[in-house]
2 protein chains.
Amino acid sequence: MALIVQKYGGTSVGSVERIQNVARRIAKFKAQGDDVVVVVSAMSGETNRLVALADAVSGNNPNPREMDVVLATGEQVTIGLLAMALNSIGVPAKSYTGWQVAVKTDSAHTKARIDNIDDTAIHKDLKEGKVVIVAGFQGVDADNNITTLGRGGSDTSAVALAAALKADECQIYTDVDGVYTTDPRVVPEARRLDKITFEEMLELASLGSKVLQIRSVEFAGKYRVRLRVLSSLEEDGGGGTLITFEEDEQMERVVVSGIAFDKNQARINVRGVPDKPGIAYQILGAIADANIEVDMIIQNVGAEGTTDFSFTVPRVDYKKALEILNQIKEHIGANEVSGDDTVVKVSIVGLGMRSHVGVASTMFRTLAEEGINIQMISTSEIKVSVLIAEKYTELATRVLHSVFGLDKA
Amino acid sequence: MALIVQKYGGTSVGSVERIQNVARRIAKFKAQGDDVVVVVSAMSGETNRLVALADAVSGNNPNPREMDVVLATGEQVTIGLLAMALNSIGVPAKSYTGWQVAVKTDSAHTKARIDNIDDTAIHKDLKEGKVVIVAGFQGVDADNNITTLGRGGSDTSAVALAAALKADECQIYTDVDGVYTTDPRVVPEARRLDKITFEEMLELASLGSKVLQIRSVEFAGKYRVRLRVLSSLEEDGGGGTLITFEEDEQMERVVVSGIAFDKNQARINVRGVPDKPGIAYQILGAIADANIEVDMIIQNVGAEGTTDFSFTVPRVDYKKALEILNQIKEHIGANEVSGDDTVVKVSIVGLGMRSHVGVASTMFRTLAEEGINIQMISTSEIKVSVLIAEKYTELATRVLHSVFGLDKA
């Protein structure tokens with residue numbers, strides 16, 4: 001008998017039939033003698049519907065506190081419906097909103113962070129044999145204001161609950177059956193990984209793999225939550241992928257575990273800036289003040305005492321970033337501000353890179369042989385990322401998948 | 001400067017544009033220097049959508065606690081959207097769910113009753129110049145379970161809040177501009193009443209006038225809340241109708257103030273029951289046990305030591321009531337169980353009946369002259385109700401409206 005936290009995303013609870021399927025799956029675990037706590041998202045499409053209403057009624061400027069009041073209803077509907085579905089097939093179940101748990105967060109509306117979770121009531125219900133259904137994505141601050149955790153926040157809710165409850169496993173059910181060596185829609189030879197280490201998963205999540213939301217992986221790492229990604233569409237979850245904290249022998253033999261790509265990138269270049277201290281801060285500070293996240297950053301020596309500065313931003317912020325830099329261009333003494341929003345970041349990730357040399361150069365050579373120009377490079381201990389033209393996304397991913405032996409079982 | 005509680009129903013907040021209209025109306029009151037607390041319903045259609053989802057997912061047997069979790073989201077969306085709309089036109093506003101207020105209720109899910117309201121936080125916000133938006137229809141019980149007050153519960157929420165806050169007036173905005181002498185769709189000559197007494201309004205509400213929900217009128221009576229019904233579609237509310245506690249001279253002159261009809265009626269007859277003590281209890285007890293509400297009741301002497309028993313039930317419960325009586329028919333020794341669900345209850349209401357004789361006989365004579373047969377009669381101090389065939393609804397209402405002088409201004 002184990003205590004399992006299961007999380008079902010919007011697609012998995014996207015219709016009456018799918019909610020009933022989820023109920024039957026939960027009933028099976030319950031019949032095996034497991035204690036089950038379930039975290040659910042809003043039904044697919046619901047969050048977008050609510051955002052559209054909020055934008056329309058407020059002239060695209062919704063008050064953040066009220067935005068959270070509206071958004072939190074999406075998950076509240078799902079918990080009620082799933083609890084009903086379970087009760088109607090004879091499985092006692094009780095729903096909890098974020099404030100009912102209570103999932104206490106800070107007051108950063110629309111992107112709150114979980115401070116702590118009170119698990120008293122949940123433990124009591126589990127003891128009485130009930131399935132506990134918790135609304136993901138939401139919490140409550142110290143002043144009883146409703147908060148939400150931002151997109152993908154339901155994964156974080158599930159992992160945080162698993163940590164608080166000291167659950168044996170946190171299962172994330174999604175519309176894929178696990179973590180793949182790369183996106184199977186791009187590379188048909190992509191294979192599901194039975195296991196992946198926490199560090200690799202963290203890199204993959206931050207590099208654009210959409211299977212798990214990065215904050216949930218960080219949370220799992222911090223509290224050492226055993227995490228498994230499974231399919232909500234297949235009977236047994238499709239096997240799934242376990243995210244482990246132990247590196248075993250078999251895993252050591254693999255150099256590269258997965259390839260991720262992220263099209264949500266745009267490149268900005270600031271050329272011919274006087275090469276003096278504080279220039280990076282002046283440029284990036286202005287970008288940060290506008291709440292734009294910067295990903296890759298490169299600074300290079302330019303001509304005659306000047307420096308060239310390049311970085312990437314989310315595509316949606318591209319125009320705004322260009323605007324800001326054109327405004328401060330003269331003040332910082334730059335010759336040219338330019339950019340490109342048809343780029344993609346392709347990354348190889350693998351714990352094996354730590355002990356293997358030449359991984360990066362294999363990557364660069366392979367891309368060169370295909371005539372793919374590398375615009376920027378960024379590396380960490382277990383990953384190498386390159387920025388290339390977006391049109392090469394599929395080609396680059398396929399040749400890298402092949403050259404690092406991921407095509408073979 | 002007054003403290004006003006305003007309530008807007010589902011039609012009044014049924015679209016983005018209508019919510020923005022409501023926001024502008026509130027802004028006007030605020031600009032006059034009034035403190036405003038607003039109670040809103042779910043956007044029209046939303047509650048039905050949620051009920052359909054709940055029915056579908058639970059095989060038409062939704063768990064009541066979870067039903068309330070789902071239903072309460074309807075009003076939560078509206079409060080967030082309205083608060084956003086106000087904030088975006090520069091009027092500081094803050095939303096409250098039922099539990100955030102807190103509106104404390106008993107635990108009777110889907111039909112809870114308000115026990116008390118904590119107005120501390122609301123008073124603080126009003127003092128800071130904010131408009132306070134409260135979700136109608138919902139509350140929270142002593143164990144932090146979400147409860148709802150049943151259909152029309154938003155009116156009750158508004159009146160209860162007005163009572164708790166000692167508001168100067170509670171304004172119910174709806175899609176009609178006040179209380180009419182009868183339904184204008186049936187009698188084009190129907191006139192809006194500028195004033196009506198609380199007792200008359202109570203009778204009208206209980207007799208099928210849908211302008212105000214009966215529990216809200218009871219609440220207003222109990223706590224002496226000054227209540228006004230207004231139109232949310234007209235600029236100045238269309239004048240509206242004030243529900244007063246004072247009977248003034250002008251009102252005394254009118255014998256009948258309004259005519260109501262209620263098509264949600266079905267008649268049941270139990271004939272030839274032995275005329276002995278306890279028989280009414282045996283019949284009505286069985287009906288009450290099935291949670292069926294009984295409205296009009298008549299017992300008449302029948303043939304040879306037997307009695308005939310008739311009563312009305314809501315149309316939706318007609319078949320179930322017949323079934324129950326057929327099951328106990330032999331046990332109670334009845335000769336015949338029959339009924340009719342094509343009936344209507346037409347009522348005349350007026351404080352003037354207290355001091356005027358012959359009102360009922362005028363009613364009966366008028367109907368007889370039109371060849372309308374009266375099936376049942378029920379009276380109180382200020383109303384006379386008759387049950388007639390449904391097909392005579394319009395005819396009966398029109399001739400009564402005319403004979404009691406309601407056609408004239």
# chains A, B, ... in the order shown; residues from 1 in each chain; ligands from 1
$ calpha_fit_and_write --fixed "chain B" --moving "chain A" --output "CSV table (one decimal) with C-alpha atoms, in the first residue's frame"
chain,number,residue,atom,x,y,z
A,1,MET,CA,-23.9,60.0,0.9
A,2,ALA,CA,-25.6,56.6,1.3
A,3,LEU,CA,-24.5,53.0,1.6
A,4,ILE,CA,-26.2,51.1,-1.2
A,5,VAL,CA,-26.2,47.4,-1.9
A,6,GLN,CA,-26.9,46.6,-5.6
A,7,LYS,CA,-27.7,43.2,-7.0
A,8,TYR,CA,-27.3,42.3,-10.7
A,9,GLY,CA,-28.8,39.1,-12.0
A,10,GLY,CA,-27.5,36.8,-14.7
A,11,THR,CA,-29.0,38.6,-17.6
A,12,SER,CA,-27.6,41.9,-16.4
A,13,VAL,CA,-24.1,40.5,-16.4
A,14,GLY,CA,-24.7,38.0,-19.3
A,15,SER,CA,-21.9,39.4,-21.6
A,16,VAL,CA,-18.7,41.4,-21.6
A,17,GLU,CA,-20.7,44.5,-22.8
A,18,ARG,CA,-23.3,44.1,-20.1
A,19,ILE,CA,-20.7,43.7,-17.4
A,20,GLN,CA,-19.1,46.9,-18.7
A,21,ASN,CA,-22.5,48.7,-18.6
A,22,VAL,CA,-22.9,47.6,-15.0
A,23,ALA,CA,-19.5,48.9,-14.2
A,24,ARG,CA,-20.4,52.3,-15.6
A,25,ARG,CA,-23.6,52.4,-13.6
A,26,ILE,CA,-21.7,51.6,-10.4
A,27,ALA,CA,-19.1,54.3,-11.2
A,28,LYS,CA,-22.0,56.9,-11.4
A,29,PHE,CA,-23.2,56.1,-7.9
A,30,LYS,CA,-19.6,56.2,-6.7
A,31,ALA,CA,-19.2,59.6,-8.3
A,32,GLN,CA,-22.2,60.8,-6.4
A,33,GLY,CA,-20.4,59.9,-3.2
A,34,ASP,CA,-22.3,56.8,-2.4
A,35,ASP,CA,-20.6,53.7,-0.9
A,36,VAL,CA,-21.5,50.7,-3.1
A,37,VAL,CA,-21.5,47.0,-2.4
A,38,VAL,CA,-22.5,44.9,-5.4
A,39,VAL,CA,-23.8,41.4,-5.4
A,40,VAL,CA,-23.8,39.5,-8.7
A,41,SER,CA,-25.1,36.2,-10.1
A,42,ALA,CA,-23.4,33.9,-12.6
A,43,MET,CA,-23.5,35.1,-16.2
A,44,SER,CA,-26.8,33.9,-17.8
A,45,GLY,CA,-26.5,30.3,-19.1
A,46,GLU,CA,-23.5,29.5,-16.9
A,47,THR,CA,-25.3,27.8,-14.1
A,48,ASN,CA,-27.2,25.6,-16.6
A,49,ARG,CA,-24.0,24.7,-18.3
A,50,LEU,CA,-22.4,23.7,-15.0
A,51,VAL,CA,-25.5,21.7,-14.0
A,52,ALA,CA,-25.4,19.8,-17.3
A,53,LEU,CA,-21.8,18.9,-16.8
A,54,ALA,CA,-22.4,17.7,-13.3
A,55,ASP,CA,-25.4,15.6,-14.3
A,56,ALA,CA,-23.5,14.1,-17.2
A,57,VAL,CA,-20.4,13.2,-15.2
A,58,SER,CA,-22.4,11.7,-12.3
A,59,GLY,CA,-25.2,9.8,-14.1
A,60,ASN,CA,-27.7,12.5,-13.0
A,61,ASN,CA,-26.8,11.9,-9.4
A,62,PRO,CA,-24.3,14.6,-8.4
A,63,ASN,CA,-22.9,14.6,-4.9
A,64,PRO,CA,-24.5,17.7,-3.3
A,65,ARG,CA,-21.3,19.0,-1.6
A,66,GLU,CA,-19.4,18.7,-4.9
A,67,MET,CA,-22.4,20.3,-6.8
A,68,ASP,CA,-21.9,23.4,-4.7
A,69,VAL,CA,-18.1,23.4,-5.4
A,70,VAL,CA,-18.9,23.4,-9.1
A,71,LEU,CA,-21.9,25.8,-9.0
A,72,ALA,CA,-20.1,28.4,-6.9
A,73,THR,CA,-17.6,29.0,-9.7
A,74,GLY,CA,-20.3,30.8,-11.8
A,75,GLU,CA,-20.6,33.8,-9.5
A,76,GLN,CA,-16.8,33.7,-8.8
A,77,VAL,CA,-16.1,34.4,-12.5
A,78,THR,CA,-18.6,37.3,-12.5
A,79,ILE,CA,-17.1,39.0,-9.4
A,80,GLY,CA,-13.6,38.9,-10.9
A,81,LEU,CA,-14.7,40.2,-14.3
A,82,LEU,CA,-16.8,43.0,-12.8
A,83,ALA,CA,-14.0,44.0,-10.4
A,84,MET,CA,-11.6,44.1,-13.4
A,85,ALA,CA,-14.0,46.2,-15.5
A,86,LEU,CA,-14.3,48.7,-12.6
A,87,ASN,CA,-10.5,48.9,-12.0
A,88,SER,CA,-9.9,49.4,-15.7
A,89,ILE,CA,-12.1,52.5,-15.8
A,90,GLY,CA,-10.3,53.9,-12.7
A,91,VAL,CA,-12.8,52.8,-10.0
A,92,PRO,CA,-11.0,50.8,-7.3
A,93,ALA,CA,-12.9,47.6,-6.7
A,94,LYS,CA,-12.3,44.3,-4.9
A,95,SER,CA,-14.1,41.0,-5.2
A,96,TYR,CA,-15.2,38.6,-2.5
A,97,THR,CA,-16.3,35.0,-2.8
A,98,GLY,CA,-18.8,33.8,-0.2
A,99,TRP,CA,-16.0,32.3,2.0
A,100,GLN,CA,-13.9,35.4,1.7
A,101,VAL,CA,-16.6,37.6,3.2
A,102,ALA,CA,-17.4,35.2,5.1
A,103,VAL,CA,-21.1,34.5,4.4
A,104,LYS,CA,-21.6,31.7,7.0
A,105,THR,CA,-24.4,29.2,6.2
A,106,ASP,CA,-25.7,25.9,7.5
A,107,SER,CA,-24.5,22.8,5.8
A,108,ALA,CA,-27.6,22.1,3.7
A,109,HIS,CA,-25.8,21.8,0.3
A,110,THR,CA,-27.6,23.3,-2.7
A,111,LYS,CA,-30.2,25.0,-0.5
A,112,ALA,CA,-28.2,26.4,2.5
A,113,ARG,CA,-29.5,29.2,4.7
A,114,ILE,CA,-27.4,32.1,5.8
A,115,ASP,CA,-26.6,32.1,9.6
A,116,ASN,CA,-24.5,35.3,9.7
A,117,ILE,CA,-22.2,37.6,7.7
A,118,ASP,CA,-18.9,38.9,8.8
A,119,ASP,CA,-18.8,42.5,7.5
A,120,THR,CA,-15.4,43.5,9.0
A,121,ALA,CA,-13.4,43.3,5.8
A,122,ILE,CA,-16.1,44.9,3.6
A,123,HIS,CA,-16.4,47.9,5.9
A,124,LYS,CA,-12.6,48.3,5.8
A,125,ASP,CA,-12.6,48.3,2.0
A,126,LEU,CA,-15.5,50.7,1.8
A,127,LYS,CA,-13.6,53.1,4.1
A,128,GLU,CA,-10.7,53.0,1.7
A,129,GLY,CA,-13.1,54.1,-1.1
A,130,LYS,CA,-13.3,50.7,-2.8
A,131,VAL,CA,-16.4,49.3,-4.5
A,132,VAL,CA,-16.9,45.8,-2.9
A,133,ILE,CA,-18.2,43.0,-5.2
A,134,VAL,CA,-19.6,40.0,-3.6
A,135,ALA,CA,-20.5,36.6,-5.2
A,136,GLY,CA,-24.2,36.0,-4.6
A,137,PHE,CA,-25.8,32.6,-4.1
A,138,GLN,CA,-22.9,31.2,-2.1
A,139,GLY,CA,-21.5,30.9,1.3
A,140,VAL,CA,-19.4,28.6,3.5
A,141,ASP,CA,-20.3,26.3,6.4
A,142,ALA,CA,-18.6,25.9,9.7
A,143,ASP,CA,-16.3,23.2,8.3
A,144,ASN,CA,-15.2,25.4,5.4
A,145,ASN,CA,-17.3,23.6,2.8
A,146,ILE,CA,-18.6,25.7,0.0
A,147,THR,CA,-22.4,26.0,0.1
A,148,THR,CA,-25.0,27.5,-2.3
A,149,LEU,CA,-28.4,29.0,-1.4
A,150,GLY,CA,-30.5,27.5,-4.2
A,151,ARG,CA,-31.9,29.2,-7.3
A,152,GLY,CA,-32.6,32.9,-6.9
A,153,GLY,CA,-30.2,32.9,-3.9
A,154,SER,CA,-28.3,35.9,-5.1
A,155,ASP,CA,-31.3,38.1,-4.2
A,156,THR,CA,-31.1,36.6,-0.7
A,157,SER,CA,-27.4,37.3,-0.5
A,158,ALA,CA,-28.0,40.9,-1.4
A,159,VAL,CA,-30.7,41.5,1.2
A,160,ALA,CA,-28.7,39.6,3.8
A,161,LEU,CA,-25.7,41.8,3.1
A,162,ALA,CA,-27.8,44.9,3.2
A,163,ALA,CA,-29.1,43.8,6.6
A,164,ALA,CA,-25.7,43.0,8.0
A,165,LEU,CA,-24.2,46.3,6.7
A,166,LYS,CA,-27.2,48.3,7.7
A,167,ALA,CA,-27.4,49.7,4.2
A,168,ASP,CA,-29.7,52.6,3.4
A,169,GLU,CA,-31.2,50.7,0.4
A,170,CYS,CA,-30.9,47.3,-1.3
A,171,GLN,CA,-31.4,47.7,-5.1
A,172,ILE,CA,-32.3,44.6,-7.1
A,173,TYR,CA,-31.5,45.2,-10.8
A,174,THR,CA,-33.2,42.9,-13.2
A,175,ASP,CA,-34.4,42.8,-16.7
A,176,VAL,CA,-37.8,44.4,-15.8
A,177,ASP,CA,-38.1,47.9,-14.5
A,178,GLY,CA,-40.1,47.1,-11.4
A,179,VAL,CA,-43.1,45.2,-10.0
A,180,TYR,CA,-46.1,45.3,-12.3
A,181,THR,CA,-49.8,44.9,-11.5
A,182,THR,CA,-49.5,41.7,-13.5
A,183,ASP,CA,-47.3,40.2,-16.2
A,184,PRO,CA,-47.2,42.8,-19.1
A,185,ARG,CA,-46.6,40.0,-21.6
A,186,VAL,CA,-50.1,38.8,-20.8
A,187,VAL,CA,-51.9,42.0,-20.1
A,188,PRO,CA,-50.5,44.9,-22.1
A,189,GLU,CA,-52.4,47.3,-19.8
A,190,ALA,CA,-50.3,46.2,-16.8
A,191,ARG,CA,-48.7,49.1,-15.0
A,192,ARG,CA,-45.5,49.4,-12.9
A,193,LEU,CA,-46.2,50.1,-9.2
A,194,ASP,CA,-44.1,52.9,-7.7
A,195,LYS,CA,-44.5,51.4,-4.3
A,196,ILE,CA,-45.8,48.1,-2.9
A,197,THR,CA,-45.9,47.0,0.7
A,198,PHE,CA,-43.7,44.3,2.0
A,199,GLU,CA,-46.7,42.0,2.7
A,200,GLU,CA,-48.1,42.3,-0.8
A,201,MET,CA,-44.7,41.7,-2.3
A,202,LEU,CA,-44.3,38.6,-0.1
A,203,GLU,CA,-47.6,37.3,-1.4
A,204,LEU,CA,-46.8,38.1,-5.0
A,205,ALA,CA,-43.4,36.4,-4.8
A,206,SER,CA,-44.9,33.3,-3.3
A,207,LEU,CA,-47.6,33.3,-5.9
A,208,GLY,CA,-45.4,33.0,-8.9
A,209,SER,CA,-44.3,36.6,-9.7
A,210,LYS,CA,-40.7,36.0,-10.6
A,211,VAL,CA,-39.4,39.6,-10.0
A,212,LEU,CA,-38.1,38.8,-6.5
A,213,GLN,CA,-37.2,35.5,-5.0
A,214,ILE,CA,-39.4,34.8,-2.0
A,215,ARG,CA,-36.7,34.1,0.6
A,216,SER,CA,-35.1,37.5,-0.2
A,217,VAL,CA,-38.5,39.2,0.5
A,218,GLU,CA,-38.8,37.3,3.8
A,219,PHE,CA,-35.3,38.3,4.7
A,220,ALA,CA,-36.1,41.9,3.9
A,221,GLY,CA,-39.2,41.8,6.0
A,222,LYS,CA,-37.4,40.2,9.0
A,223,TYR,CA,-34.6,42.8,9.0
A,224,ARG,CA,-36.6,45.7,7.6
A,225,VAL,CA,-34.4,46.2,4.6
A,226,ARG,CA,-35.5,49.0,2.3
A,227,LEU,CA,-35.8,47.1,-1.1
A,228,ARG,CA,-36.1,48.6,-4.6
A,229,VAL,CA,-36.5,46.7,-7.8
A,230,LEU,CA,-35.0,48.4,-10.9
A,231,SER,CA,-34.1,47.8,-14.5
A,232,SER,CA,-30.5,47.1,-15.3
A,233,LEU,CA,-31.2,47.9,-19.0
A,234,GLU,CA,-32.5,51.5,-18.6
A,235,GLU,CA,-30.3,54.4,-17.8
A,236,ASP,CA,-32.0,55.5,-14.5
A,237,GLY,CA,-33.2,52.0,-13.6
A,238,GLY,CA,-36.6,52.9,-15.2
A,239,GLY,CA,-38.0,54.3,-11.9
A,240,GLY,CA,-38.4,51.0,-10.3
A,241,THR,CA,-40.6,49.8,-7.5
A,242,LEU,CA,-40.0,50.5,-3.8
A,243,ILE,CA,-41.0,47.8,-1.4
A,244,THR,CA,-42.0,49.7,1.7
A,245,PHE,CA,-43.0,48.9,5.3
A,246,GLU,CA,-45.3,51.9,5.6
A,247,GLU,CA,-48.9,51.8,4.3
A,248,ASP,CA,-49.7,55.3,3.1
A,249,GLU,CA,-53.1,56.8,2.3
A,250,GLN,CA,-52.8,56.5,-1.4
A,251,MET,CA,-52.1,52.8,-1.1
A,252,GLU,CA,-55.1,52.2,1.2
A,253,ARG,CA,-57.5,53.3,-1.6
A,254,VAL,CA,-56.4,50.4,-3.8
A,255,VAL,CA,-58.2,47.1,-3.1
A,256,VAL,CA,-56.1,44.9,-5.3
A,257,SER,CA,-52.5,45.7,-6.1
A,258,GLY,CA,-51.5,42.9,-8.4
A,259,ILE,CA,-52.4,39.7,-10.1
A,260,ALA,CA,-50.0,36.8,-10.2
A,261,PHE,CA,-50.2,33.5,-11.9
A,262,ASP,CA,-48.2,30.3,-11.4
A,263,LYS,CA,-48.2,27.6,-14.1
A,264,ASN,CA,-45.9,25.4,-12.1
A,265,GLN,CA,-48.9,23.6,-10.6
A,266,ALA,CA,-50.4,20.2,-10.9
A,267,ARG,CA,-53.5,18.9,-9.1
A,268,ILE,CA,-53.8,15.6,-7.4
A,269,ASN,CA,-57.1,14.1,-6.2
A,270,VAL,CA,-57.6,11.3,-3.8
A,271,ARG,CA,-61.2,10.3,-3.6
A,272,GLY,CA,-63.3,8.2,-1.3
A,273,VAL,CA,-60.9,7.9,1.6
A,274,PRO,CA,-62.4,6.7,4.9
A,275,ASP,CA,-63.1,9.9,6.9
A,276,LYS,CA,-61.1,9.2,10.0
A,277,PRO,CA,-58.4,11.1,11.9
A,278,GLY,CA,-54.8,11.0,10.6
A,279,ILE,CA,-55.8,10.5,6.9
A,280,ALA,CA,-54.4,13.9,5.8
A,281,TYR,CA,-51.1,13.0,7.5
A,282,GLN,CA,-50.9,9.6,5.8
A,283,ILE,CA,-51.4,11.2,2.4
A,284,LEU,CA,-49.3,14.3,2.8
A,285,GLY,CA,-46.7,12.6,4.9
A,286,ALA,CA,-45.9,10.2,2.1
A,287,ILE,CA,-45.6,13.2,-0.3
A,288,ALA,CA,-43.4,15.1,2.1
A,289,ASP,CA,-41.1,12.1,2.6
A,290,ALA,CA,-40.4,12.2,-1.1
A,291,ASN,CA,-39.3,15.9,-0.7
A,292,ILE,CA,-42.3,17.1,-2.8
A,293,GLU,CA,-43.7,20.5,-1.8
A,294,VAL,CA,-47.4,20.8,-1.5
A,295,ASP,CA,-49.1,24.1,-2.1
A,296,MET,CA,-52.9,24.3,-2.1
A,297,ILE,CA,-54.7,21.7,0.0
A,298,ILE,CA,-58.5,21.0,0.1
A,299,GLN,CA,-60.4,18.4,2.0
A,300,ASN,CA,-64.1,17.9,1.4
A,301,VAL,CA,-66.8,15.6,2.7
A,302,GLY,CA,-67.4,12.8,0.2
A,303,ALA,CA,-70.1,10.1,-0.1
A,304,GLU,CA,-71.1,7.9,2.9
A,305,GLY,CA,-68.4,8.5,5.6
A,306,THR,CA,-65.7,9.1,3.1
A,307,THR,CA,-63.7,12.2,2.3
A,308,ASP,CA,-62.2,13.7,-0.9
A,309,PHE,CA,-58.7,15.1,-0.7
A,310,SER,CA,-57.1,17.4,-3.3
A,311,PHE,CA,-53.8,19.3,-3.3
A,312,THR,CA,-51.3,20.8,-5.8
A,313,VAL,CA,-47.6,20.0,-6.3
A,314,PRO,CA,-44.9,21.4,-8.6
A,315,ARG,CA,-45.5,20.1,-12.1
A,316,VAL,CA,-42.1,18.4,-12.2
A,317,ASP,CA,-43.1,16.3,-9.2
A,318,TYR,CA,-46.6,15.4,-10.7
A,319,LYS,CA,-45.8,11.9,-11.9
A,320,LYS,CA,-43.8,11.0,-8.8
A,321,ALA,CA,-46.6,12.1,-6.6
A,322,LEU,CA,-49.2,10.0,-8.5
A,323,GLU,CA,-46.9,7.0,-8.3
A,324,ILE,CA,-46.5,7.3,-4.5
A,325,LEU,CA,-50.2,7.6,-4.0
A,326,ASN,CA,-51.0,4.6,-6.2
A,327,GLN,CA,-48.6,2.6,-4.1
A,328,ILE,CA,-50.4,3.5,-0.8
A,329,LYS,CA,-53.8,3.7,-2.3
A,330,GLU,CA,-55.0,0.4,-0.9
A,331,HIS,CA,-53.3,0.9,2.4
A,332,ILE,CA,-55.2,4.1,3.0
A,333,GLY,CA,-58.4,2.7,1.5
A,334,ALA,CA,-58.9,5.3,-1.3
A,335,ASN,CA,-61.3,4.7,-4.1
A,336,GLU,CA,-59.5,6.7,-6.7
A,337,VAL,CA,-56.2,8.6,-7.3
A,338,SER,CA,-56.3,11.0,-10.2
A,339,GLY,CA,-54.9,14.4,-11.2
A,340,ASP,CA,-54.4,17.1,-13.8
A,341,ASP,CA,-51.2,18.9,-14.7
A,342,THR,CA,-52.7,21.4,-17.1
A,343,VAL,CA,-53.8,23.8,-14.4
A,344,VAL,CA,-52.7,27.3,-13.3
A,345,LYS,CA,-53.0,29.2,-10.0
A,346,VAL,CA,-54.3,32.8,-10.5
A,347,SER,CA,-54.1,35.1,-7.4
A,348,ILE,CA,-55.2,38.6,-6.6
A,349,VAL,CA,-53.2,40.4,-3.9
A,350,GLY,CA,-53.9,43.5,-2.0
A,351,LEU,CA,-53.6,45.0,1.4
A,352,GLY,CA,-57.0,46.7,0.7
A,353,MET,CA,-58.8,43.3,1.1
A,354,ARG,CA,-58.4,43.6,4.8
A,355,SER,CA,-60.9,46.5,4.9
A,356,HIS,CA,-63.0,45.7,1.8
A,357,VAL,CA,-65.6,43.0,1.7
A,358,GLY,CA,-66.7,41.2,-1.4
A,359,VAL,CA,-63.4,41.1,-3.1
A,360,ALA,CA,-63.4,37.3,-3.4
A,361,SER,CA,-66.9,37.2,-4.7
A,362,THR,CA,-66.1,39.8,-7.3
A,363,MET,CA,-63.3,37.5,-8.4
A,364,PHE,CA,-65.5,34.4,-8.5
A,365,ARG,CA,-68.3,36.2,-10.4
A,366,THR,CA,-66.0,37.6,-13.0
A,367,LEU,CA,-64.5,34.2,-13.7
A,368,ALA,CA,-67.9,32.6,-13.8
A,369,GLU,CA,-69.1,35.2,-16.3
A,370,GLU,CA,-66.3,34.1,-18.6
A,371,GLY,CA,-67.3,30.5,-18.2
A,372,ILE,CA,-64.1,29.7,-16.3
A,373,ASN,CA,-64.6,26.8,-13.8
A,374,ILE,CA,-62.8,27.2,-10.4
A,375,GLN,CA,-61.2,23.9,-9.3
A,376,MET,CA,-59.7,25.0,-5.9
A,377,ILE,CA,-59.7,28.1,-3.8
A,378,SER,CA,-57.2,29.2,-1.2
A,379,THR,CA,-57.3,32.5,0.7
A,380,SER,CA,-55.2,34.6,3.1
A,381,GLU,CA,-55.8,37.9,4.7
A,382,ILE,CA,-54.5,39.8,1.7
A,383,LYS,CA,-54.9,37.4,-1.2
A,384,VAL,CA,-57.3,35.0,-3.0
A,385,SER,CA,-55.9,32.2,-5.2
A,386,VAL,CA,-57.9,30.0,-7.5
A,387,LEU,CA,-56.9,27.0,-9.5
A,388,ILE,CA,-58.3,26.9,-13.0
A,389,ALA,CA,-57.5,25.2,-16.3
A,390,GLU,CA,-54.2,26.4,-17.8
A,391,LYS,CA,-55.8,27.5,-21.1
A,392,TYR,CA,-57.7,30.3,-19.3
A,393,THR,CA,-54.5,31.9,-17.8
A,394,GLU,CA,-54.5,34.9,-20.1
A,395,LEU,CA,-58.3,35.4,-20.2
A,396,ALA,CA,-58.6,35.2,-16.4
A,397,THR,CA,-55.7,37.5,-15.7
A,398,ARG,CA,-57.0,40.1,-18.2
A,399,VAL,CA,-60.6,40.2,-16.9
A,400,LEU,CA,-59.4,40.4,-13.3
A,401,HIS,CA,-56.9,43.1,-14.1
A,402,SER,CA,-59.7,45.1,-15.6
A,403,VAL,CA,-62.4,44.4,-13.0
A,404,PHE,CA,-60.2,45.5,-10.2
A,405,GLY,CA,-59.3,48.8,-11.9
A,406,LEU,CA,-55.7,48.0,-12.5
A,407,ASP,CA,-55.9,49.1,-16.2
A,408,LYS,CA,-56.2,52.7,-15.2
A,409,ALA,CA,-53.2,54.8,-14.2
$ select_by_dssp --residues "segment 105-298 of chain A" --states "alpha helix (DSSP H)" --output "MDAnalysis selection string"
chainID A and resid 120:127 153:165 198:206 214:223 249:252 279:289
$ select_by_dssp --residues "segment 203-364 of chain B" --states "strand (DSSP E)" --output "PyMOL selection string"
chain B and resi 227-231+241-244+258-274+297-301+306-313+336-349
